[in-house]
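Chemist: I am sharing run-v3.cif, which consists of mmCIF, C-alpha atoms:
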data_entry
#
loop_
_atom_site.label_atom_id
_atom_site.label_comp_id
_atom_site.auth_asym_id
_atom_site.auth_seq_id
_atom_site.Cartn_x
_atom_site.Cartn_y
_atom_site.Cartn_z
CA MET A 761 -39.65 -20.02 106.02
CA THR A 762 -41.72 -19.97 109.22
CA PRO A 763 -42.73 -23.60 109.77
CA LEU A 764 -45.68 -24.38 112.00
CA GLU A 765 -46.64 -20.76 112.63
CA PRO A 766 -50.35 -21.72 112.72
CA VAL A 767 -49.75 -23.80 115.85
CA GLY A 768 -47.32 -21.36 117.42
CA ILE A 769 -44.19 -23.47 117.07
CA LEU A 770 -41.15 -21.91 115.44
CA VAL A 771 -37.63 -23.21 115.10
CA GLY A 772 -35.42 -21.71 117.79
CA ARG A 773 -38.28 -20.77 120.12
CA GLU A 774 -39.53 -22.45 123.27
CA PRO A 775 -41.78 -25.19 121.86
CA LEU A 776 -45.13 -26.58 122.76
CA GLU A 777 -47.03 -24.52 125.20
CA GLY A 778 -49.64 -27.17 125.85
CA VAL A 779 -50.26 -27.67 122.15
CA LEU A 780 -50.86 -31.13 120.77
CA MET A 781 -48.88 -31.41 117.57
CA LYS A 782 -48.99 -34.11 114.90
CA VAL A 783 -45.75 -34.92 113.05
CA LEU A 784 -45.79 -37.19 110.00
CA PHE A 785 -42.64 -38.68 108.49
CA VAL A 786 -42.80 -39.84 104.87
CA CYS A 787 -40.42 -41.87 102.70
CA THR A 788 -41.06 -44.33 99.86
CA GLY A 789 -41.82 -47.74 101.35
CA ASN A 790 -42.24 -46.83 105.03
CA THR A 791 -40.01 -49.75 105.99
CA CYS A 792 -36.68 -47.96 106.55
CA ARG A 793 -36.19 -44.22 106.86
CA SER A 794 -39.59 -42.91 107.90
CA SER A 795 -40.29 -45.86 110.19
CA MET A 796 -36.94 -45.36 111.94
CA ALA A 797 -37.54 -41.61 112.20
CA GLU A 798 -40.94 -42.23 113.78
CA ALA A 799 -39.56 -44.65 116.36
CA LEU A 800 -36.52 -42.50 117.12
CA LEU A 801 -38.54 -39.31 117.60
CA ARG A 802 -41.06 -41.11 119.78
CA ALA A 803 -38.23 -42.40 121.98
CA LEU A 804 -36.68 -38.93 122.24
CA LEU A 805 -40.03 -37.37 123.16
CA ARG A 806 -40.57 -40.00 125.82
CA ARG A 807 -37.20 -39.21 127.39
CA ARG A 808 -38.09 -35.52 127.51
CA GLY A 809 -41.62 -36.06 128.75
CA LEU A 810 -43.19 -34.65 125.61
CA GLU A 811 -44.91 -37.77 124.31
CA GLU A 812 -48.35 -36.43 125.30
CA ARG A 813 -47.80 -33.14 123.49
CA ILE A 814 -46.49 -34.46 120.19
CA THR A 815 -47.90 -37.41 118.29
CA VAL A 816 -45.76 -39.11 115.67
CA ALA A 817 -46.63 -41.24 112.64
CA SER A 818 -45.04 -42.36 109.40
CA ALA A 819 -46.13 -43.53 105.97
CA GLY A 820 -44.82 -44.13 102.47
CA THR A 821 -45.60 -42.70 99.05
CA ALA A 822 -45.40 -46.18 97.51
CA ALA A 823 -45.67 -48.52 100.47
CA SER A 824 -46.85 -52.11 100.50
CA PRO A 825 -49.48 -51.93 103.26
CA GLY A 826 -48.78 -54.38 106.07
CA ALA A 827 -45.11 -54.87 105.23
CA PRO A 828 -42.79 -54.96 108.27
CA ALA A 829 -39.75 -52.78 108.74
CA THR A 830 -36.66 -54.19 107.09
CA ILE A 831 -34.49 -56.54 109.08
CA ALA A 832 -31.63 -54.07 108.91
CA ALA A 833 -33.82 -51.25 110.25
CA VAL A 834 -35.09 -53.42 113.10
CA GLU A 835 -31.56 -54.55 114.00
CA THR A 836 -30.18 -51.00 113.81
CA LEU A 837 -32.76 -49.58 116.21
CA LYS A 838 -32.49 -52.62 118.46
CA GLU A 839 -28.85 -51.70 118.99
CA MET A 840 -30.12 -48.28 120.13
CA GLY A 841 -32.59 -49.83 122.56
CA ILE A 842 -35.65 -49.21 120.38
CA ASP A 843 -38.05 -51.95 119.28
CA LEU A 844 -39.18 -51.55 115.67
CA SER A 845 -40.29 -55.15 115.15
CA GLY A 846 -43.99 -54.32 115.42
CA HIS A 847 -43.94 -51.65 112.70
CA VAL A 848 -46.44 -52.06 109.84
CA ALA A 849 -46.01 -50.08 106.63
CA ARG A 850 -48.78 -47.72 105.49
CA THR A 851 -49.45 -45.68 102.36
CA VAL A 852 -49.74 -41.96 102.97
CA THR A 853 -53.19 -40.46 102.33
CA PRO A 854 -54.26 -36.88 101.57
CA GLU A 855 -56.37 -36.85 104.73
CA GLU A 856 -53.38 -37.81 106.84
CA VAL A 857 -51.29 -35.03 105.31
CA ARG A 858 -54.03 -32.47 105.99
CA GLU A 859 -54.45 -33.62 109.60
CA ALA A 860 -50.73 -33.35 110.37
CA ASP A 861 -49.26 -30.11 111.66
CA LEU A 862 -45.87 -30.89 110.16
CA VAL A 863 -44.97 -33.32 107.37
CA LEU A 864 -41.29 -34.20 107.09
CA THR A 865 -40.12 -36.13 104.05
CA MET A 866 -36.85 -37.93 103.50
CA THR A 867 -36.19 -36.48 100.03
CA ARG A 868 -37.17 -33.54 97.87
CA GLU A 869 -38.95 -35.96 95.51
CA HIS A 870 -41.20 -37.12 98.38
CA LYS A 871 -41.91 -33.48 99.17
CA ARG A 872 -42.77 -32.78 95.53
CA GLN A 873 -45.12 -35.75 95.37
CA LEU A 874 -46.96 -34.75 98.55
CA ARG A 875 -47.31 -31.12 97.53
CA GLU A 876 -48.75 -32.32 94.25
CA LEU A 877 -51.05 -34.75 96.08
CA VAL A 878 -52.26 -32.14 98.59
CA PRO A 879 -51.61 -28.65 97.15
CA ASP A 880 -53.40 -26.88 99.99
CA ALA A 881 -51.00 -28.40 102.54
CA GLY A 882 -47.80 -27.29 100.84
CA ASP A 883 -46.88 -24.77 103.55
CA LYS A 884 -46.34 -27.52 106.13
CA ILE A 885 -44.47 -30.06 103.99
CA TYR A 886 -40.68 -29.98 104.16
CA THR A 887 -37.77 -32.35 103.85
CA LEU A 888 -36.43 -33.24 107.28
CA LYS A 889 -33.07 -31.59 106.60
CA GLU A 890 -34.71 -28.54 105.05
CA PHE A 891 -36.82 -27.98 108.16
CA ILE A 892 -33.92 -28.43 110.58
CA LEU A 893 -31.44 -26.40 108.50
CA GLU A 894 -33.90 -23.58 107.81
CA GLU A 895 -31.39 -20.71 107.67
CA ALA A 896 -28.86 -22.64 105.59
CA VAL A 897 -31.57 -23.66 103.12
CA ALA A 898 -32.82 -20.09 102.83
CA GLU A 899 -29.27 -18.92 102.07
CA ARG A 900 -28.83 -21.62 99.44
CA GLU A 901 -32.14 -20.65 97.81
CA ARG A 902 -31.06 -17.01 97.73
CA ARG A 903 -27.68 -17.95 96.25
CA ARG A 904 -29.32 -20.19 93.65
CA ALA A 905 -31.62 -17.40 92.49
CA GLU A 906 -28.67 -15.01 92.36
CA LEU A 907 -26.60 -17.39 90.24
CA ARG A 908 -29.48 -18.06 87.87
CA ARG A 909 -29.91 -14.33 87.31
CA ALA A 910 -26.16 -13.96 86.68
CA ILE A 911 -26.20 -16.81 84.17
CA GLU A 912 -29.13 -15.34 82.27
CA ALA A 913 -27.50 -11.90 82.19
CA LYS A 914 -24.25 -13.30 80.80
CA ARG A 915 -26.12 -15.38 78.24
CA ARG A 916 -27.97 -12.31 76.98
CA LYS A 917 -24.75 -10.30 76.77
CA PHE A 918 -22.95 -13.12 74.96
CA GLU A 919 -25.80 -13.45 72.43
CA GLU A 920 -25.71 -9.69 71.82
CA VAL A 921 -22.00 -9.82 70.97
CA HIS A 922 -21.83 -13.14 69.10
CA GLY A 923 -25.44 -13.72 68.11
CA VAL A 924 -24.93 -13.22 64.37
CA GLU A 925 -22.09 -15.76 64.18
CA ILE A 926 -23.99 -18.25 66.33
CA GLU A 927 -27.16 -17.94 64.27
CA ALA A 928 -25.20 -18.45 61.04
CA LEU A 929 -23.63 -21.62 62.43
CA ARG A 930 -27.01 -22.91 63.57
CA LYS A 931 -28.41 -22.36 60.09
CA ARG A 932 -25.40 -24.10 58.55
CA ARG A 933 -25.90 -27.01 60.93
CA GLU A 934 -29.51 -27.38 59.78
CA GLU A 935 -28.38 -27.45 56.16
CA LEU A 936 -25.74 -30.07 56.90
CA MET A 937 -28.25 -32.20 58.77
CA GLU A 938 -30.61 -32.09 55.79
CA GLU A 939 -27.75 -33.11 53.48
CA LEU A 940 -26.76 -35.89 55.87
CA ASP A 941 -30.33 -37.23 55.86
CA ARG A 942 -30.32 -37.27 52.05
CA VAL A 943 -26.97 -39.12 51.93
CA GLU A 944 -28.13 -41.57 54.59
CA GLY A 945 -31.21 -42.40 52.54
CA LEU A 946 -29.12 -43.07 49.41
CA LEU A 947 -26.66 -45.19 51.36
CA GLN A 948 -29.42 -47.31 52.87
CA ALA A 949 -30.87 -47.89 49.39
CA TRP A 950 -27.51 -49.16 48.12
CA GLU A 951 -27.09 -51.38 51.16
CA ARG A 952 -30.50 -52.96 50.52
CA LEU A 953 -29.48 -53.68 46.93
CA GLU A 954 -26.25 -55.23 48.14
CA GLU A 955 -28.12 -57.54 50.50
CA GLU A 956 -30.45 -58.58 47.71
CA GLU A 957 -27.38 -59.44 45.62
CA VAL A 958 -26.10 -61.95 48.21
CA ALA A 959 -29.51 -63.15 49.46
CA GLU A 960 -29.20 -66.67 48.02
CA GLU A 961 -25.73 -67.22 49.49
CA ARG A 962 -26.94 -65.78 52.83
CA ARG A 963 -29.74 -68.35 53.03
CA SER A 964 -27.30 -71.16 52.27
CA LEU A 965 -24.89 -69.84 54.91
CA ASP A 966 -27.68 -69.78 57.52
CA GLU A 967 -28.43 -73.44 56.75
CA VAL A 968 -24.77 -74.38 57.20
CA GLU A 969 -24.56 -72.39 60.44
CA ALA A 970 -27.67 -74.18 61.75
CA ALA A 971 -26.14 -77.55 60.92
CA LEU A 972 -22.89 -76.63 62.68
CA SER A 973 -24.79 -75.53 65.80
CA GLU A 974 -25.92 -79.11 66.20
CA LEU A 975 -22.29 -79.94 67.12
CA ASP A 976 -22.73 -78.07 70.43
CA VAL A 977 -23.79 -79.77 73.66
CA LYS A 978 -26.58 -77.59 75.07
CA ASP A 979 -25.88 -75.77 78.35
CA PRO A 980 -28.60 -76.75 80.88
CA PHE A 981 -27.68 -74.03 83.41
CA GLY A 982 -30.78 -72.40 84.81
CA GLN A 983 -33.07 -74.72 82.86
CA ALA A 984 -35.70 -77.22 84.02
CA LEU A 985 -34.84 -80.73 85.20
CA ASP A 986 -36.03 -82.20 81.90
CA VAL A 987 -33.33 -80.23 80.09
CA TYR A 988 -30.67 -81.65 82.40
CA ARG A 989 -32.01 -85.14 81.70
CA SER A 990 -31.90 -84.53 77.96
CA VAL A 991 -28.31 -83.30 78.12
CA ALA A 992 -27.28 -86.24 80.28
CA GLY A 993 -28.81 -88.65 77.75
CA GLU A 994 -27.03 -86.94 74.88
CA LEU A 995 -23.72 -87.06 76.75
CA SER A 996 -24.17 -90.75 77.50
CA GLU A 997 -24.73 -91.51 73.82
CA LEU A 998 -21.78 -89.39 72.75
CA LEU A 999 -19.47 -90.95 75.32
CA GLU A 1000 -20.46 -94.45 74.17
CA ARG A 1001 -19.48 -93.46 70.67
CA LEU A 1002 -16.27 -91.88 72.00
CA ILE A 1003 -15.25 -95.17 73.59
CA SER A 1004 -15.94 -97.08 70.38
CA LYS A 1005 -13.86 -94.61 68.39
CA LEU A 1006 -11.01 -94.78 70.88
CA GLU A 1007 -11.06 -98.59 70.79
CA LYS A 1008 -10.75 -98.58 66.99
CA SER A 1009 -7.81 -96.21 67.11
CA THR A 1010 -5.97 -98.15 69.81
CA PRO A 1011 -3.46 -100.77 68.53
#
Is it possible to give me this structure as C-alpha cells?
Modeler:
Amino acid sequence: MTPLEPVGILVGREPLEGVLMKVLFVCTGNTCRSSMAEALLRALLRRRGLEERITVASAGTAASPGAPATIAAVETLKEMGIDLSGHVARTVTPEEVREADLVLTMTREHKRQLRELVPDAGDKIYTLKEFILEEAVAERERRRAELRRAIEAKRRKFEEVHGVEIEALRKRREELMEELDRVEGLLQAWERLEEEEVAEERRSLDEVEAALSELDVKDPFGQALDVYRSVAGELSELLERLISKLEKSTP
C-alpha cells in the first residue's frame, strides 16, 4: 500500500512540501465519528501550522442533511477545547470523493460502499486505522491469504482420503430427507383429519372462551384517554355492584 503517492505524500516520510491536500472523513450519519475526526484533525493541523496545506471535511454515507452533531459528540470535544456545536451533517457525494486526495472511513463497510460508489477512486479510500497501521494491515492480509491457501490445501487432501465415505453419507442424507418429506406430508394429512373431527367442539370452545374473556377488566396502559375513561366507568359500575353484594352478605 502506498497511499497518496500521486500527491507525493507517503506514510513515514516528511509530509507536505507546499502541497494542498484534501482529506475527507466518512462515517454513517456524519454526526459522531467523522465529524469529531474532522474537528480534531483541524485542531491538530492548526497547532502545527499546517491548516493552510491540508483541508479537512467530513460526510456520511446515510446522513440526514442539516442534522447537528450529537450532544455527546459536542460535549466530548468541548472537554478537549474544541467547538463542534456548529457542525452540520452532509451526505457524501461521488464528486466529493473524487476531489479528495485521501478518503478515510470509520469502518470497512463504509470503505466498501464508497469503493462501490466511486470505483475509479478506490486507490485513495482506506479505513482510518488501515491507513495509519499500513504495515500491520499488510502483514495481516498476507497472513490471511496464507491461511486461506492452507485451509484449501487441507480440504483437498481430506476429500482425497475420505471423499468416498463423505459422498456416500451425503447421498444417504438426501434419501433420508426425501423420506422425511414424505412422512411429514402423511402426518400433516392425518392432523388435518383430526382437526376436522373436533371442529364442532372447537367452535363451541371458542365461544365459551370469548364469553369468559368478558370477565377481564381491560388494561388501558398505553391506550388513548377514551379507553381510560371507559375502564373507569366500568370499574365504577362494578364497584357499585360489589358494595351491594357485600351489603347483602353482611349480617
Chemist: In Å, rounded to a single decimal, give me how far atom CA of A:Ile911 is from atom CA of A:Thr867.
Modeler: 27.2 Å
Chemist: The residues within 7 Å of (-48.7, -44.6, 102.8), using only C-alpha atoms and the coordinates of the file, should be reported as a list in words; which are they?
Modeler: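 The answer, in the requested form, is Ala819, Gly820, Thr821, Ala822, Ala823, Arg850, Thr851, Val852 and Thr853 of chain A.
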Chemist: Pick out the residues sitting within 10 Å of A:Asp979, and hand them over as a list in words; count all atoms listed in the file, and ignore anything fewer than 5 positions along from it in its own chain.
Modeler: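 In the requested form, the answer reads Val987, Tyr988 and Val991 of chain A.
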Chemist: Using only C-alpha atoms, which residue out of A:Glu957, A:Asp986, A:Asp883, A:Glu839 lies closest to A:Lys871?
Modeler: A:Asp883
Chemist: Using only C-alpha atoms, which residues of stretch 832-936 of chain A come within 9 Å of stretch 781-794 of chain A, and what is the closest atom pair for each, with the distance in Å to one decimal? Give it as CSV, sorted by chain and residue number.
Modeler:
residue,atom,partner,partner_atom,distance
A:Ala832,CA,A:Cys792,CA,8.3
A:Ala833,CA,A:Cys792,CA,5.7
A:Val834,CA,A:Cys792,CA,8.7
A:His847,CA,A:Thr791,CA,8.0
A:Val848,CA,A:Thr791,CA,7.8
A:Ala849,CA,A:Asn790,CA,5.2
A:Arg850,CA,A:Asn790,CA,6.6
A:Thr851,CA,A:Asn790,CA,7.8
A:Val852,CA,A:Val786,CA,7.5
A:Glu856,CA,A:Leu784,CA,8.2
A:Val857,CA,A:Leu784,CA,7.5
A:Glu859,CA,A:Lys782,CA,7.6
A:Ala860,CA,A:Lys782,CA,4.9
A:Asp861,CA,A:Lys782,CA,5.2
A:Leu862,CA,A:Val783,CA,5.0
A:Val863,CA,A:Leu784,CA,4.8
A:Leu864,CA,A:Phe785,CA,4.9
A:Thr865,CA,A:Val786,CA,4.6
A:Met866,CA,A:Cys787,CA,5.4
A:Thr867,CA,A:Cys787,CA,7.4
A:His870,CA,A:Cys787,CA,6.5
A:Lys871,CA,A:Val786,CA,8.6
A:Leu888,CA,A:Phe785,CA,8.3
Chemist: If I only have part of stretch 930-964 of chain A, can you fill in N, CA and C atoms and write it as a CSV table (one decimal), in the coordinates of the input?
Modeler:
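Result went into out-v6.csv, see below:
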chain,number,residue,atom,x,y,z
A,930,ARG,N,-25.8,-22.1,63.4
A,930,ARG,CA,-27.0,-22.9,63.6
A,930,ARG,C,-27.7,-23.2,62.2
A,931,LYS,N,-27.8,-22.2,61.4
A,931,LYS,CA,-28.4,-22.4,60.1
A,931,LYS,C,-27.6,-23.3,59.2
A,932,ARG,N,-26.3,-23.2,59.3
A,932,ARG,CA,-25.4,-24.1,58.6
A,932,ARG,C,-25.6,-25.5,59.1
A,933,ARG,N,-25.7,-25.7,60.4
A,933,ARG,CA,-25.9,-27.0,60.9
A,933,ARG,C,-27.2,-27.6,60.4
A,934,GLU,N,-28.3,-26.9,60.3
A,934,GLU,CA,-29.5,-27.4,59.8
A,934,GLU,C,-29.3,-27.8,58.3
A,935,GLU,N,-28.6,-27.1,57.6
A,935,GLU,CA,-28.4,-27.4,56.2
A,935,GLU,C,-27.6,-28.8,56.1
A,936,LEU,N,-26.6,-28.9,56.9
A,936,LEU,CA,-25.7,-30.1,56.9
A,936,LEU,C,-26.5,-31.3,57.3
A,937,MET,N,-27.4,-31.1,58.3
A,937,MET,CA,-28.2,-32.2,58.8
A,937,MET,C,-29.2,-32.7,57.7
A,938,GLU,N,-29.7,-31.7,56.9
A,938,GLU,CA,-30.6,-32.1,55.8
A,938,GLU,C,-29.8,-32.9,54.7
A,939,GLU,N,-28.6,-32.4,54.4
A,939,GLU,CA,-27.8,-33.1,53.5
A,939,GLU,C,-27.4,-34.5,54.0
A,940,LEU,N,-27.1,-34.6,55.3
A,940,LEU,CA,-26.8,-35.9,55.9
A,940,LEU,C,-27.9,-36.9,55.8
A,941,ASP,N,-29.1,-36.4,56.0
A,941,ASP,CA,-30.3,-37.2,55.9
A,941,ASP,C,-30.5,-37.7,54.4
A,942,ARG,N,-30.2,-36.9,53.5
A,942,ARG,CA,-30.3,-37.3,52.0
A,942,ARG,C,-29.3,-38.3,51.7
A,943,VAL,N,-28.0,-38.1,52.2
A,943,VAL,CA,-27.0,-39.1,51.9
A,943,VAL,C,-27.3,-40.4,52.6
A,944,GLU,N,-27.8,-40.4,53.8
A,944,GLU,CA,-28.1,-41.6,54.6
A,944,GLU,C,-29.2,-42.4,53.9
A,945,GLY,N,-30.2,-41.7,53.3
A,945,GLY,CA,-31.2,-42.4,52.5
A,945,GLY,C,-30.6,-43.1,51.3
A,946,LEU,N,-29.7,-42.4,50.6
A,946,LEU,CA,-29.1,-43.1,49.4
A,946,LEU,C,-28.3,-44.3,49.8
A,947,LEU,N,-27.5,-44.1,50.9
A,947,LEU,CA,-26.7,-45.2,51.4
A,947,LEU,C,-27.5,-46.4,51.8
A,948,GLN,N,-28.6,-46.2,52.5
A,948,GLN,CA,-29.4,-47.3,52.9
A,948,GLN,C,-30.0,-48.0,51.7
A,949,ALA,N,-30.3,-47.3,50.6
A,949,ALA,CA,-30.9,-47.9,49.4
A,949,ALA,C,-29.8,-48.8,48.7
A,950,TRP,N,-28.6,-48.3,48.7
A,950,TRP,CA,-27.5,-49.2,48.1
A,950,TRP,C,-27.3,-50.4,49.0
A,951,GLU,N,-27.3,-50.2,50.3
A,951,GLU,CA,-27.1,-51.4,51.2
A,951,GLU,C,-28.2,-52.4,51.0
A,952,ARG,N,-29.4,-52.0,50.8
A,952,ARG,CA,-30.5,-53.0,50.5
A,952,ARG,C,-30.3,-53.7,49.2
A,953,LEU,N,-29.8,-53.0,48.2
A,953,LEU,CA,-29.5,-53.7,46.9
A,953,LEU,C,-28.4,-54.7,47.1
A,954,GLU,N,-27.4,-54.3,47.9
A,954,GLU,CA,-26.2,-55.2,48.1
A,954,GLU,C,-26.7,-56.5,48.8
A,955,GLU,N,-27.6,-56.4,49.8
A,955,GLU,CA,-28.1,-57.5,50.5
A,955,GLU,C,-28.9,-58.4,49.6
A,956,GLU,N,-29.7,-57.8,48.7
A,956,GLU,CA,-30.4,-58.6,47.7
A,956,GLU,C,-29.5,-59.4,46.8
A,957,GLU,N,-28.4,-58.8,46.5
A,957,GLU,CA,-27.4,-59.4,45.6
A,957,GLU,C,-26.8,-60.7,46.2
A,958,VAL,N,-26.7,-60.8,47.5
A,958,VAL,CA,-26.1,-62.0,48.2
A,958,VAL,C,-27.2,-62.8,49.0
A,959,ALA,N,-28.4,-62.5,48.7
A,959,ALA,CA,-29.5,-63.2,49.5
A,959,ALA,C,-29.5,-64.7,49.4
A,960,GLU,N,-29.2,-65.2,48.2
A,960,GLU,CA,-29.2,-66.7,48.0
A,960,GLU,C,-28.1,-67.3,48.8
A,961,GLU,N,-26.9,-66.7,48.7
A,961,GLU,CA,-25.7,-67.2,49.5
A,961,GLU,C,-26.0,-67.1,51.0
A,962,ARG,N,-26.6,-66.0,51.4
A,962,ARG,CA,-26.9,-65.8,52.8
A,962,ARG,C,-27.8,-66.9,53.4
A,963,ARG,N,-28.9,-67.3,52.6
A,963,ARG,CA,-29.7,-68.4,53.0
A,963,ARG,C,-29.0,-69.7,53.2
A,964,SER,N,-28.1,-69.9,52.2
A,964,SER,CA,-27.3,-71.2,52.3
A,964,SER,C,-26.4,-71.1,53.5
